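*Asks:* After the structure tokens below, expect a handful of questions from me.
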Amino acid sequence: MRRRRTAILISGRGSNMDALIAAARAPDFPAEIVLVASNRPDAPGLARAKAAGLAVAAVDHKIYAGREEFERALQIILETHRVELVCLAGFMRLFSPWFIGQWRDRLLNIHPALLPSYRGLHTHERALADGVKIHGCTVHFVVPEMDEGPIVAQAAVPVLDTDTAETLGARVLAQEHAIYPNALRLVASDAVRVEGNRVLGALPASNATLLAPP
Ligand code: GAR
């Protein structure tokens, strides 16, 4: 089995990064983490990745003249490491259509809501304010429109009367850590294919319909 050379891009804490790194330690995992890069040199996750012995890169967006220059620098680093797949894991910058075009069907993102509901920020607060009973998280391929793109995996979490944004967010985050490695496994092993806005293939039904108890 050839393991897909995979980069993780982060901006901060990096708990999803940790979950992906842990999964990829299994020798039969179809993706190998070859690089962790951050647009924030002080991202806590970057230091942990370095301590774990992984190649790391800080591409500080603030030192570049604009988005295009930042993205071209990042692209060169990804190419230098012969990266085949990219996982955004709490990466908080939007990419241009040019960069996304370089990575068509090879760029994954995790979002803390059941897309297409709650695109953008503060998803847990907004879900509570709306009184929804089910919330969750989504792994999807990245397209130029923010928080859109073919969905690879989702997990649902019940909203409890006692929930705050913090407690709800913590339960969603636990599910993020479960579905992101699964989604990467499916994509890296070519078990899924993209048709229009749908991801078809060997997605186990339980993964798509999982309702995590509190
Ligand atoms: C995660 O909850 C992720 O879903 C979210 O940021 C958090 C990063 O946490 N991503 C987005 O909101 C992207 N729009 P982590 O750094 O511990 O993985």
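In the structure tokens, chains take letters A, B, ... by order of appearance, with residues numbered from 1 within each chain and ligands from 1 in the order shown.
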For chain A against ligand 1, with a cut-off of 6 Å and counting only C-alpha atoms and all ligand atoms, what is the closest atom pair and its distance in Å to one decimal for every residue that makes the cut, ordered by chain and number, as a tab-separated table?

*Replies:*
residue	atom	partner	partner_atom_place_in_ligand_line	distance
A:Gly12	CA	ligand 1	16 (O)	5.0
A:Arg13	CA	ligand 1	16 (O)	4.0
A:Gly14	CA	ligand 1	16 (O)	3.4
A:Ser15	CA	ligand 1	17 (O)	3.4
A:Asn16	CA	ligand 1	18 (O)	3.7
A:Met17	CA	ligand 1	18 (O)	5.9
A:Ala89	CA	ligand 1	18 (O)	5.0
A:Gly90	CA	ligand 1	8 (C)	3.6
A:Met92	CA	ligand 1	13 (C)	5.9
A:Ile110	CA	ligand 1	4 (O)	4.9
A:His111	CA	ligand 1	4 (O)	4.1
A:Pro112	CA	ligand 1	4 (O)	4.1
A:Gly120	CA	ligand 1	14 (N)	5.9
A:Leu121	CA	ligand 1	12 (O)	5.9
A:Leu173	CA	ligand 1	2 (O)	5.7

*Asks:* Could you write out the selected residues, including all heavy atoms, as a short mmCIF file (atom, residue, chain, number, x, y, z; two decimals), in the first residue's frame?

*Replies:*
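Saved file result_24.cif follows:
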data_model
loop_
_atom_site.label_atom_id
_atom_site.label_comp_id
_atom_site.auth_asym_id
_atom_site.auth_seq_id
_atom_site.Cartn_x
_atom_site.Cartn_y
_atom_site.Cartn_z
N GLY A 12 -3.89 27.20 15.12
CA GLY A 12 -3.92 27.36 16.57
C GLY A 12 -3.67 26.10 17.35
O GLY A 12 -2.65 25.43 17.16
N ARG A 13 -4.65 25.74 18.17
CA ARG A 13 -4.53 24.65 19.14
C ARG A 13 -4.08 23.32 18.53
O ARG A 13 -3.20 22.64 19.03
CB ARG A 13 -5.92 24.50 19.79
CG ARG A 13 -6.06 23.44 20.81
CD ARG A 13 -7.48 23.51 21.36
NE ARG A 13 -8.51 23.41 20.30
CZ ARG A 13 -9.81 23.44 20.53
NH1 ARG A 13 -10.27 23.59 21.76
NH2 ARG A 13 -10.67 23.34 19.53
N GLY A 14 -4.74 22.91 17.48
CA GLY A 14 -4.29 21.71 16.78
C GLY A 14 -4.77 20.39 17.34
O GLY A 14 -4.11 19.36 17.15
N SER A 15 -5.95 20.37 17.97
CA SER A 15 -6.42 19.08 18.50
C SER A 15 -6.84 18.14 17.37
O SER A 15 -6.64 16.92 17.46
CB SER A 15 -7.54 19.27 19.51
OG SER A 15 -8.73 19.70 18.90
N ASN A 16 -7.40 18.67 16.30
CA ASN A 16 -7.70 17.80 15.15
C ASN A 16 -6.41 17.30 14.50
O ASN A 16 -6.35 16.16 14.04
CB ASN A 16 -8.58 18.54 14.13
CG ASN A 16 -10.03 18.51 14.52
OD1 ASN A 16 -10.66 17.45 14.48
ND2 ASN A 16 -10.57 19.65 14.94
N MET A 17 -5.41 18.16 14.47
CA MET A 17 -4.08 17.72 14.00
C MET A 17 -3.60 16.52 14.81
O MET A 17 -3.13 15.53 14.25
CB MET A 17 -3.09 18.88 14.13
CG MET A 17 -1.65 18.52 13.82
SD MET A 17 -0.47 19.68 14.57
CE MET A 17 -0.46 19.09 16.27
N ALA A 89 -7.03 21.95 9.44
CA ALA A 89 -7.45 21.55 10.79
C ALA A 89 -7.41 22.78 11.69
O ALA A 89 -6.40 23.08 12.33
CB ALA A 89 -6.53 20.44 11.32
N GLY A 90 -8.51 23.53 11.68
CA GLY A 90 -8.52 24.79 12.41
C GLY A 90 -7.64 25.82 11.72
O GLY A 90 -7.00 26.64 12.37
N MET A 92 -7.48 29.08 9.82
CA MET A 92 -8.48 30.14 9.83
C MET A 92 -8.22 31.22 8.77
O MET A 92 -8.45 32.40 9.00
CB MET A 92 -8.56 30.76 11.23
CG MET A 92 -8.89 29.75 12.31
SD MET A 92 -10.32 28.70 11.93
CE MET A 92 -11.59 29.54 12.85
N ILE A 110 -12.34 20.57 8.11
CA ILE A 110 -13.33 20.19 9.12
C ILE A 110 -14.01 21.44 9.63
O ILE A 110 -13.34 22.47 9.87
CB ILE A 110 -12.73 19.36 10.26
CG1 ILE A 110 -13.84 18.87 11.18
CG2 ILE A 110 -11.65 20.11 11.04
CD1 ILE A 110 -13.62 17.51 11.76
N HIS A 111 -15.32 21.35 9.76
CA HIS A 111 -16.12 22.52 10.19
C HIS A 111 -16.99 22.10 11.37
O HIS A 111 -17.62 21.04 11.33
CB HIS A 111 -16.98 23.02 9.03
CG HIS A 111 -17.76 24.24 9.39
ND1 HIS A 111 -17.17 25.48 9.53
CD2 HIS A 111 -19.07 24.42 9.69
CE1 HIS A 111 -18.08 26.37 9.87
NE2 HIS A 111 -19.25 25.74 9.98
N PRO A 112 -17.07 22.95 12.41
CA PRO A 112 -17.80 22.55 13.62
C PRO A 112 -19.30 22.81 13.54
O PRO A 112 -19.88 23.47 14.39
CB PRO A 112 -17.13 23.40 14.71
CG PRO A 112 -16.71 24.64 13.99
CD PRO A 112 -16.35 24.22 12.60
N GLY A 120 -19.35 29.54 8.68
CA GLY A 120 -18.72 30.67 9.36
C GLY A 120 -18.34 30.39 10.79
O GLY A 120 -18.13 29.24 11.18
N LEU A 121 -18.31 31.44 11.59
CA LEU A 121 -17.77 31.36 12.96
C LEU A 121 -18.89 31.24 13.99
O LEU A 121 -20.06 31.37 13.66
CB LEU A 121 -16.92 32.60 13.25
CG LEU A 121 -15.69 32.79 12.33
CD1 LEU A 121 -15.02 34.14 12.63
CD2 LEU A 121 -14.70 31.65 12.51
N LEU A 173 -16.41 18.61 19.35
CA LEU A 173 -14.97 18.44 19.08
C LEU A 173 -14.56 16.97 19.20
O LEU A 173 -13.76 16.47 18.40
CB LEU A 173 -14.15 19.31 20.04
CG LEU A 173 -12.64 19.40 19.73
CD1 LEU A 173 -12.38 20.09 18.39
CD2 LEU A 173 -11.91 20.15 20.86
#

*Asks:* Which residues of segment 45-157 of chain A come within 7 Å of segment 27-41 of chain A, and what is each one's closest atom pair and distance in Å (one decimal), counting only C-alpha atoms, sorted by chain and residue number, as CSV?

*Replies:*
residue,atom,partner,partner_atom,distance
A:Leu46,CA,A:Ser38,CA,6.8
A:Ala49,CA,A:Val36,CA,6.8
A:Leu54,CA,A:Leu35,CA,6.4
A:Ala55,CA,A:Leu35,CA,4.9
A:Val56,CA,A:Val36,CA,4.8
A:Ala57,CA,A:Ala37,CA,4.5
A:Ala58,CA,A:Ser38,CA,5.0
A:Val59,CA,A:Asn39,CA,4.8
A:Asp60,CA,A:Asn39,CA,4.6
A:His61,CA,A:Asn39,CA,5.6

*Asks:* From the options A:Arg3, A:Leu128, A:Pro97, A:Ala174, which residue's atoms come nearest to Thr162 of chain A, counting only C-alpha atoms?

*Replies:*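 Counting only C-alpha atoms, the residue closest to Thr162 of chain A is A:Leu128.
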
*Asks:* If I take atom CA of Val157 of chain A and atom CA of Ala19 of chain A, how far is one from the other in Å, to one decimal?

*Replies:* 18.8 Å

*Asks:* Using the chain letters and numbers from this document, which residues of segment 19-167 of chain A does DSSP assign to alpha helix (DSSP H), as a PyMOL selection string?

*Replies:* chain A and resi 19-24+44-51+67-80+97-102+123-130+165-167

*Asks:* In segment 18-142 of chain A, what's strand (DSSP E or B) per DSSP? Answer as a PyMOL selection string?

*Replies:* chain A and resi 31-38+56-58+85-88+107-111+134-141

*Asks:* Can you tell me how far atom CA of Glu84 of chain A sits from atom CA of Tyr64 of chain A, in Å to one decimal?

*Replies:* 24.7 Å

*Asks:* Write out as a list in words the residues lying within 8 Å of Trp103 of chain A, counting only C-alpha atoms and excluding same-chain residues fewer than 3 positions away.

*Replies:* Leu85, Val86, Phe99, Ile100, Arg106 and Leu107 of chain A

*Asks:* Could you turn the residues from that selection into a file that holds C-alpha atoms, as a short mmCIF file (atom, residue, chain, number, x, y, z; two decimals), in the first residue's frame?

*Replies:*
data_model
loop_
_atom_site.label_atom_id
_atom_site.label_comp_id
_atom_site.auth_asym_id
_atom_site.auth_seq_id
_atom_site.Cartn_x
_atom_site.Cartn_y
_atom_site.Cartn_z
CA LEU A 85 -3.34 15.63 0.18
CA VAL A 86 -3.94 18.63 2.44
CA PHE A 99 -4.91 27.81 -4.55
CA ILE A 100 -8.06 25.68 -4.30
CA ARG A 106 -7.31 16.80 -2.55
CA LEU A 107 -8.04 19.51 0.04
#

*Asks:* Calculated over only C-alpha atoms, which of the candidates A:Ser96, A:Asp147, A:Gln175, A:Ala7 has the smallest distance to Thr80 of chain A?

*Replies:* A:Ala7

*Asks:* Here is a test: counting only C-alpha atoms, which residue of A:Pro150, A:Pro144, A:Gly136, A:Pro181 is nearest to Leu168 of chain A?

*Replies:*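 Smallest distance to Leu168 of chain A is found for A:Gly136.
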
*Asks:* Which of these, A:Glu195, A:Asp42, A:Glu79, A:Glu176, has the shortest distance to Cys137 of chain A once you count only C-alpha atoms?

*Replies:*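 Nearest to Cys137 of chain A: A:Glu176.
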
*Asks:* Could you tell me which of A:Ala153, A:Leu160, A:Val139, A:Ala113 comes closest to Val172 of chain A if we count only C-alpha atoms?

*Replies:* A:Ala113

*Asks:* Find the distance between atom CA of Ala23 of chain A and atom CA of His122 of chain A and write it in Å to one decimal.

*Replies:* 27.7 Å
